[in-house]
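As stored in input.pdb (PDB, C-alpha atoms):
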ATOM      1  CA  MET A   1    -171.584 -65.844 -49.849
ATOM      2  CA  HIS A   2    -173.979 -63.423 -51.537
ATOM      3  CA  LEU A   3    -176.404 -66.266 -52.358
ATOM      4  CA  ARG A   4    -176.376 -67.454 -48.752
ATOM      5  CA  SER A   5    -177.098 -63.928 -47.583
ATOM      6  CA  VAL A   6    -180.057 -63.622 -49.958
ATOM      7  CA  HIS A   7    -181.504 -66.947 -48.804
ATOM      8  CA  CYS A   8    -181.013 -65.954 -45.177
ATOM      9  CA  PHE A   9    -182.708 -62.594 -45.762
ATOM     10  CA  ILE A  10    -185.710 -64.211 -47.484
ATOM     11  CA  TRP A  11    -186.118 -66.690 -44.639
ATOM     12  CA  LEU A  12    -185.840 -63.943 -42.037
ATOM     13  CA  PHE A  13    -188.330 -61.736 -43.849
ATOM     14  CA  ALA A  14    -190.847 -64.584 -44.048
ATOM     15  CA  LEU A  15    -190.420 -65.275 -40.344
ATOM     16  CA  VAL A  16    -190.842 -61.605 -39.429
ATOM     17  CA  VAL A  17    -194.059 -61.431 -41.460
ATOM     18  CA  TYR A  18    -195.321 -64.576 -39.741
ATOM     19  CA  VAL A  19    -194.557 -63.208 -36.282
ATOM     20  CA  THR A  20    -196.138 -59.819 -36.902
ATOM     21  CA  PHE A  21    -199.489 -61.205 -38.028
ATOM     22  CA  PRO A  22    -202.189 -61.160 -35.318
ATOM     23  CA  ASN A  23    -202.713 -64.405 -33.432
ATOM     24  CA  SER A  24    -206.206 -64.634 -34.923
ATOM     25  CA  VAL A  25    -204.598 -65.404 -38.279
ATOM     26  CA  HIS A  26    -203.262 -68.651 -36.795
ATOM     27  CA  ALA A  27    -206.744 -70.110 -36.464
ATOM     28  CA  HIS A  28    -205.488 -73.692 -36.794
ATOM     29  CA  VAL A  29    -203.713 -73.482 -33.415
ATOM     30  CA  GLN A  30    -205.689 -75.369 -30.782
ATOM     31  CA  GLN A  31    -205.666 -75.950 -27.026
ATOM     32  CA  GLY A  32    -202.410 -74.147 -26.232
ATOM     33  CA  GLN A  33    -200.183 -76.541 -28.183
ATOM     34  CA  ALA A  34    -198.559 -74.454 -30.914
ATOM     35  CA  VAL A  35    -199.594 -71.339 -29.002
ATOM     36  CA  SER A  36    -196.562 -71.979 -26.806
ATOM     37  CA  PHE A  37    -194.304 -72.023 -29.859
ATOM     38  CA  VAL A  38    -195.773 -68.791 -31.230
ATOM     39  CA  THR A  39    -195.462 -67.125 -27.816
ATOM     40  CA  GLY A  40    -191.783 -68.090 -27.697
ATOM     41  CA  LEU A  41    -191.315 -66.905 -31.265
ATOM     42  CA  GLU A  42    -192.750 -63.495 -30.403
ATOM     43  CA  HIS A  43    -191.081 -63.078 -27.008
ATOM     44  CA  PRO A  44    -187.548 -61.898 -27.975
ATOM     45  CA  TRP A  45    -189.034 -59.120 -30.096
ATOM     46  CA  SER A  46    -190.882 -57.665 -27.101
ATOM     47  CA  GLY A  47    -187.836 -56.131 -25.410
ATOM     48  CA  LEU A  48    -185.472 -53.661 -27.054
ATOM     49  CA  ASP A  49    -182.629 -54.780 -24.788
ATOM     50  CA  HIS A  50    -182.901 -58.348 -26.098
ATOM     51  CA  VAL A  51    -183.319 -57.233 -29.710
ATOM     52  CA  LEU A  52    -180.267 -54.962 -29.720
ATOM     53  CA  ALA A  53    -177.991 -57.466 -27.987
ATOM     54  CA  MET A  54    -178.979 -60.308 -30.317
ATOM     55  CA  ILE A  55    -178.559 -58.191 -33.438
ATOM     56  CA  ALA A  56    -175.207 -57.047 -32.039
ATOM     57  CA  VAL A  57    -174.000 -60.660 -31.955
ATOM     58  CA  GLY A  58    -174.647 -60.911 -35.698
ATOM     59  CA  LEU A  59    -173.049 -57.520 -36.379
ATOM     60  CA  TRP A  60    -169.888 -58.386 -34.482
ATOM     61  CA  GLY A  61    -169.698 -61.790 -36.138
ATOM     62  CA  ALA A  62    -169.947 -60.120 -39.549
ATOM     63  CA  GLN A  63    -167.151 -57.725 -38.590
ATOM     64  CA  LEU A  64    -164.922 -60.606 -37.491
ATOM     65  CA  GLY A  65    -165.655 -62.616 -40.643
ATOM     66  CA  ASN A  66    -165.346 -66.379 -41.079
ATOM     67  CA  PRO A  67    -165.703 -68.493 -39.034
ATOM     68  CA  ALA A  68    -166.954 -66.101 -36.320
ATOM     69  CA  ILE A  69    -169.813 -64.928 -38.541
ATOM     70  CA  TRP A  70    -171.374 -68.379 -38.018
ATOM     71  CA  ILE A  71    -169.818 -69.511 -34.728
ATOM     72  CA  LEU A  72    -171.098 -66.607 -32.624
ATOM     73  CA  PRO A  73    -174.748 -66.835 -33.771
ATOM     74  CA  ILE A  74    -174.633 -70.597 -33.140
ATOM     75  CA  THR A  75    -172.989 -70.278 -29.728
ATOM     76  CA  PHE A  76    -175.498 -67.752 -28.418
ATOM     77  CA  PRO A  77    -178.709 -69.826 -28.900
ATOM     78  CA  LEU A  78    -177.029 -73.019 -27.689
ATOM     79  CA  VAL A  79    -175.853 -71.478 -24.426
ATOM     80  CA  MET A  80    -179.044 -69.441 -24.142
ATOM     81  CA  SER A  81    -180.969 -72.724 -24.055
ATOM     82  CA  LEU A  82    -179.028 -73.719 -20.944
ATOM     83  CA  GLY A  83    -179.893 -70.406 -19.306
ATOM     84  CA  ALA A  84    -183.530 -70.885 -20.286
ATOM     85  CA  MET A  85    -183.538 -74.341 -18.709
ATOM     86  CA  MET A  86    -182.262 -72.789 -15.479
ATOM     87  CA  GLY A  87    -185.104 -70.274 -15.619
ATOM     88  CA  LEU A  88    -187.718 -72.911 -16.372
ATOM     89  CA  LEU A  89    -186.474 -75.023 -13.448
ATOM     90  CA  GLY A  90    -186.538 -72.047 -11.121
ATOM     91  CA  ILE A  91    -182.762 -71.999 -10.568
ATOM     92  CA  PRO A  92    -181.934 -68.429  -9.489
ATOM     93  CA  LEU A  93    -179.409 -66.277 -11.315
ATOM     94  CA  PRO A  94    -178.684 -62.878  -9.761
ATOM     95  CA  GLY A  95    -178.425 -59.672 -11.756
ATOM     96  CA  ILE A  96    -180.389 -60.765 -14.832
ATOM     97  CA  GLU A  97    -181.332 -57.270 -16.011
ATOM     98  CA  ILE A  98    -177.851 -55.967 -15.245
ATOM     99  CA  GLY A  99    -176.289 -58.817 -17.229
ATOM    100  CA  ILE A 100    -178.553 -58.114 -20.204
ATOM    101  CA  ALA A 101    -177.726 -54.399 -20.094
ATOM    102  CA  VAL A 102    -173.988 -55.106 -19.821
ATOM    103  CA  SER A 103    -174.240 -57.426 -22.830
ATOM    104  CA  ALA A 104    -175.511 -54.520 -24.950
ATOM    105  CA  ILE A 105    -172.765 -52.222 -23.620
ATOM    106  CA  VAL A 106    -169.907 -54.664 -24.207
ATOM    107  CA  LEU A 107    -171.099 -55.916 -27.595
ATOM    108  CA  GLY A 108    -171.709 -52.336 -28.706
ATOM    109  CA  ILE A 109    -168.158 -51.420 -27.679
ATOM    110  CA  MET A 110    -166.775 -54.439 -29.549
ATOM    111  CA  ILE A 111    -168.554 -53.290 -32.711
ATOM    112  CA  PHE A 112    -167.662 -49.624 -32.270
ATOM    113  CA  GLY A 113    -164.013 -50.435 -31.675
ATOM    114  CA  GLU A 114    -163.903 -53.133 -34.377
ATOM    115  CA  VAL A 115    -162.272 -55.348 -31.753
ATOM    116  CA  ARG A 116    -160.625 -58.376 -33.393
ATOM    117  CA  ALA A 117    -160.908 -60.769 -30.463
ATOM    118  CA  LYS A 118    -159.707 -64.349 -30.791
ATOM    119  CA  LEU A 119    -162.527 -66.677 -31.756
ATOM    120  CA  TYR A 120    -162.591 -68.607 -28.485
ATOM    121  CA  LEU A 121    -162.670 -65.369 -26.462
ATOM    122  CA  ALA A 122    -165.468 -63.921 -28.599
ATOM    123  CA  ALA A 123    -167.489 -67.141 -28.312
ATOM    124  CA  PHE A 124    -166.911 -67.283 -24.541
ATOM    125  CA  LEU A 125    -168.026 -63.669 -24.115
ATOM    126  CA  VAL A 126    -171.150 -64.195 -26.222
ATOM    127  CA  GLY A 127    -171.918 -67.415 -24.343
ATOM    128  CA  CYS A 128    -171.688 -65.686 -20.956
ATOM    129  CA  PHE A 129    -174.209 -63.061 -22.044
ATOM    130  CA  ALA A 130    -176.463 -65.726 -23.550
ATOM    131  CA  VAL A 131    -177.010 -67.271 -20.104
ATOM    132  CA  PHE A 132    -178.628 -64.061 -18.843
ATOM    133  CA  HIS A 133    -180.844 -63.667 -21.898
ATOM    134  CA  GLY A 134    -181.895 -67.316 -21.768
ATOM    135  CA  HIS A 135    -182.681 -67.212 -18.061
ATOM    136  CA  ALA A 136    -184.859 -64.131 -18.588
ATOM    137  CA  HIS A 137    -186.810 -65.933 -21.327
ATOM    138  CA  GLY A 138    -187.165 -69.085 -19.255
ATOM    139  CA  THR A 139    -188.563 -67.352 -16.198
ATOM    140  CA  GLU A 140    -191.135 -65.526 -18.330
ATOM    141  CA  LEU A 141    -192.850 -68.691 -19.597
ATOM    142  CA  PRO A 142    -196.616 -67.979 -19.492
ATOM    143  CA  ALA A 143    -198.561 -70.219 -17.136
ATOM    144  CA  GLY A 144    -200.013 -73.340 -18.732
ATOM    145  CA  GLN A 145    -197.834 -73.285 -21.841
ATOM    146  CA  SER A 146    -195.330 -75.885 -23.008
ATOM    147  CA  GLY A 147    -191.778 -75.060 -21.947
ATOM    148  CA  ILE A 148    -190.276 -77.089 -24.800
ATOM    149  CA  LEU A 149    -192.327 -75.461 -27.566
ATOM    150  CA  TYR A 150    -191.887 -72.026 -26.017
ATOM    151  CA  SER A 151    -188.110 -72.549 -25.874
ATOM    152  CA  MET A 152    -188.017 -73.726 -29.484
ATOM    153  CA  GLY A 153    -189.857 -70.566 -30.485
ATOM    154  CA  PHE A 154    -187.541 -68.095 -28.804
ATOM    155  CA  VAL A 155    -184.428 -69.929 -29.949
ATOM    156  CA  ILE A 156    -185.615 -69.654 -33.562
ATOM    157  CA  ALA A 157    -186.506 -65.977 -33.048
ATOM    158  CA  THR A 158    -183.046 -65.386 -31.588
ATOM    159  CA  GLY A 159    -181.472 -66.974 -34.662
ATOM    160  CA  CYS A 160    -183.593 -64.669 -36.769
ATOM    161  CA  LEU A 161    -182.275 -61.605 -34.920
ATOM    162  CA  HIS A 162    -178.701 -62.838 -35.291
ATOM    163  CA  GLY A 163    -179.369 -63.300 -38.998
ATOM    164  CA  ILE A 164    -180.610 -59.732 -39.308
ATOM    165  CA  GLY A 165    -177.387 -58.583 -37.671
ATOM    166  CA  ILE A 166    -175.305 -60.673 -40.075
ATOM    167  CA  VAL A 167    -177.110 -59.345 -43.145
ATOM    168  CA  ILE A 168    -176.733 -55.751 -41.956
ATOM    169  CA  GLY A 169    -173.139 -56.427 -40.961
ATOM    170  CA  LEU A 170    -172.175 -57.378 -44.499
ATOM    171  CA  ILE A 171    -171.973 -53.658 -45.299
ATOM    172  CA  HIS A 172    -168.634 -53.589 -43.445
ATOM    173  CA  ARG A 173    -166.979 -54.511 -46.758
ATOM    174  CA  TRP A 174    -167.264 -50.883 -47.829
ATOM    175  CA  PRO A 175    -165.656 -47.906 -46.058
ATOM    176  CA  VAL A 176    -169.001 -46.164 -45.525
ATOM    177  CA  GLY A 177    -170.441 -49.438 -44.244
ATOM    178  CA  LYS A 178    -167.639 -49.749 -41.697
ATOM    179  CA  LEU A 179    -168.442 -46.297 -40.382
ATOM    180  CA  ALA A 180    -172.144 -47.125 -40.240
ATOM    181  CA  LEU A 181    -171.430 -50.306 -38.264
ATOM    182  CA  ARG A 182    -169.234 -48.427 -35.820
ATOM    183  CA  GLY A 183    -172.039 -45.915 -35.394
ATOM    184  CA  SER A 184    -174.516 -48.712 -34.717
ATOM    185  CA  GLY A 185    -172.117 -50.124 -32.133
ATOM    186  CA  ALA A 186    -171.977 -46.757 -30.377
ATOM    187  CA  PHE A 187    -175.772 -46.597 -30.397
ATOM    188  CA  ILE A 188    -176.117 -50.126 -28.962
ATOM    189  CA  ALA A 189    -173.579 -49.364 -26.224
ATOM    190  CA  ALA A 190    -175.367 -46.108 -25.351
ATOM    191  CA  MET A 191    -178.697 -47.923 -25.146
ATOM    192  CA  GLY A 192    -177.003 -50.519 -22.944
ATOM    193  CA  VAL A 193    -175.999 -47.742 -20.538
ATOM    194  CA  PHE A 194    -179.624 -46.598 -20.493
ATOM    195  CA  PHE A 195    -180.809 -50.173 -19.798
ATOM    196  CA  LEU A 196    -178.232 -50.457 -17.019
ATOM    197  CA  TRP A 197    -179.451 -47.212 -15.471
ATOM    198  CA  GLN A 198    -183.001 -48.584 -15.547
ATOM    199  CA  ALA A 199    -181.884 -51.859 -13.981
ATOM    200  CA  VAL A 200    -180.091 -50.275 -11.034
ATOM    201  CA  SER A 201    -182.458 -47.378 -10.386
TER     202      SER A 201
END

So, in terms of structure tokens, how does the structure I just supplied come out?
Amino acid sequence: MHLRSVHCFIWLFALVVYVTFPNSVHAHVQQGQAVSFVTGLEHPWSGLDHVLAMIAVGLWGAQLGNPAIWILPITFPLVMSLGAMMGLLGIPLPGIEIGIAVSAIVLGIMIFGEVRAKLYLAAFLVGCFAVFHGHAHGTELPAGQSGILYSMGFVIATGCLHGIGIVIGLIHRWPVGKLALRGSGAFIAAMGVFFLWQAVS
């Protein structure tokens, strides 16, 4: 388990470094082809509401342990892709920003309360929230870029954020780590309330 975590962390770190470099570094990209992929890769990092909710999925999965630690971060991107397809096709979904804010509130509460939900309920809850996040990504496809490559990019970036949550969540094995995770859950839920206030105001 420790070796897997190290490999995951190395991969995530490399991806973060790649994303944070200026676009001018990627001089081999031509004519908007891979640009779409890079745009998708960068997109989830641009909104704190997305970042916190996606990290929260990994944190909660780590709290729940096997097999949830892997099932939840797999469920979210898969269902998110369906939501993204809806957005790309122009299929409306009401209350996108509210749904995203509620996802941060609920997931934060799950982490804060160390809620031991049954696996199918946890996966269903995560999947419901994933639709809103995916739809938001899909509707924000820049004009003239490839929807497929863009989608691939933000799905990979989402997996990266889940992975960060998992790696951080491994500290729950220690008493101090459990307290720290509960504190992070409270913070995520509080930020979700702030996002909700922004969405309805």

Completion exercise
Between CA of Glu140 (chain A) and CA of Ser36 (chain A) lies a distance of 12.0 Å

Practice task
Find the residues near Thr158 (chain A): any atom within 8 Å, counting all atoms listed in the file, skip ones fewer than 2 places away on the same chain, and give them as number ranges by chain.
Solution key: A: 44, 54, 77, 154-156, 160-162

Residues matched by the PyMOL selection byres ((chain A and resi 113) around 10) as a CSV table (one decimal) with C-alpha atoms, keeping the file's coordinate frame:
chain,number,residue,atom,x,y,z
A,107,LEU,CA,-171.1,-55.9,-27.6
A,108,GLY,CA,-171.7,-52.3,-28.7
A,109,ILE,CA,-168.2,-51.4,-27.7
A,110,MET,CA,-166.8,-54.4,-29.5
A,111,ILE,CA,-168.6,-53.3,-32.7
A,112,PHE,CA,-167.7,-49.6,-32.3
A,114,GLU,CA,-163.9,-53.1,-34.4
A,115,VAL,CA,-162.3,-55.3,-31.8
A,116,ARG,CA,-160.6,-58.4,-33.4
A,181,LEU,CA,-171.4,-50.3,-38.3
A,182,ARG,CA,-169.2,-48.4,-35.8
A,183,GLY,CA,-172.0,-45.9,-35.4
A,185,GLY,CA,-172.1,-50.1,-32.1
A,186,ALA,CA,-172.0,-46.8,-30.4

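Taking CA of His133 (chain A) and CA of Pro94 (chain A) as endpoints, the distance between them is 12.4 Å.
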
Practice task
Find the residues around region 57-70 of chain A up to 7 Å (all atoms listed in the file counted), leave out those fewer than 6 positions away in its own chain, and share them as an NGL selection string.
Solution key: :A and (111 or 116 or 119 or 162-163 or 165-166 or 168-170 or 172)

Exercise for the section: Just say which residues the PyMOL selection byres ((chain A and resi 198) around 12) picks in this file, as a ChimeraX atom specification. Expected result: /A:49,97-98,100-102,191-197,199-201

Those same residues, written as a PDB file, in the frame of the given file with C-alpha atoms?
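Final output, saved to result-v3.pdb:
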ATOM      1  CA  ASP A  49    -182.629 -54.780 -24.788  1.00  0.00           C
ATOM      2  CA  GLU A  97    -181.332 -57.270 -16.011  1.00  0.00           C
ATOM      3  CA  ILE A  98    -177.851 -55.967 -15.245  1.00  0.00           C
ATOM      4  CA  ILE A 100    -178.553 -58.114 -20.204  1.00  0.00           C
ATOM      5  CA  ALA A 101    -177.726 -54.399 -20.094  1.00  0.00           C
ATOM      6  CA  VAL A 102    -173.988 -55.106 -19.821  1.00  0.00           C
ATOM      7  CA  MET A 191    -178.697 -47.923 -25.146  1.00  0.00           C
ATOM      8  CA  GLY A 192    -177.003 -50.519 -22.944  1.00  0.00           C
ATOM      9  CA  VAL A 193    -175.999 -47.742 -20.538  1.00  0.00           C
ATOM     10  CA  PHE A 194    -179.624 -46.598 -20.493  1.00  0.00           C
ATOM     11  CA  PHE A 195    -180.809 -50.173 -19.798  1.00  0.00           C
ATOM     12  CA  LEU A 196    -178.232 -50.457 -17.019  1.00  0.00           C
ATOM     13  CA  TRP A 197    -179.451 -47.212 -15.471  1.00  0.00           C
ATOM     14  CA  ALA A 199    -181.884 -51.859 -13.981  1.00  0.00           C
ATOM     15  CA  VAL A 200    -180.091 -50.275 -11.034  1.00  0.00           C
ATOM     16  CA  SER A 201    -182.458 -47.378 -10.386  1.00  0.00           C
TER      17      SER A 201
END

Exercise for the section: Go ahead and find all residues with at least one atom no further than 10 Å from (-170.6, -65.5, -25.7) in the file's coordinates, using only C-alpha atoms; report them as a ChimeraX atom specification. Expected result: /A:57,71-77,79-80,103,107,120-131

Exercise for the section: For Met152 (chain A), work out the shell of residues within 8 Å, counting only C-alpha atoms and skipping chain neighbours fewer than 6 positions away, then give it as JSON, numbers by chain. Expected result: {"A": [37, 40, 41]}

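Distances here use only C-alpha atoms; by that measure, the residue among A:Val106, A:Val51, A:Leu93, A:Ala136 closest to Ala190 (chain A) is A:Val106.
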
Practice task
Measure the distance from CA of Ala84 (chain A) to CA of Tyr150 (chain A) in Å and round it to one decimal.
Solution key: 10.2 Å

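The nearest approach to Leu82 (chain A) among the residues A:Lys178, A:Ala56, A:Phe132, A:Leu141, with all atoms listed in the file taken into account, belongs to A:Phe132.
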
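Nearest to Ala104 (chain A) of all the residues A:Ala53, A:Leu179, A:Ile164, A:Val38 is A:Ala53, counting all atoms listed in the file.
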
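Proximity to Met86 (chain A) at 8 Å, evaluated using only C-alpha atoms and with sequence-adjacent residues fewer than 4 positions away removed, yields A:Leu82, A:Gly90, A:Ile91, A:Pro92, A:His135, A:Gly138.
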
Handout entry: Test item: residues at most 8 Å from His43 (chain A), all atoms listed in the file, excluding those fewer than 4 positions along its chain, as a ChimeraX atom specification
Key = /A:39,47,137,154
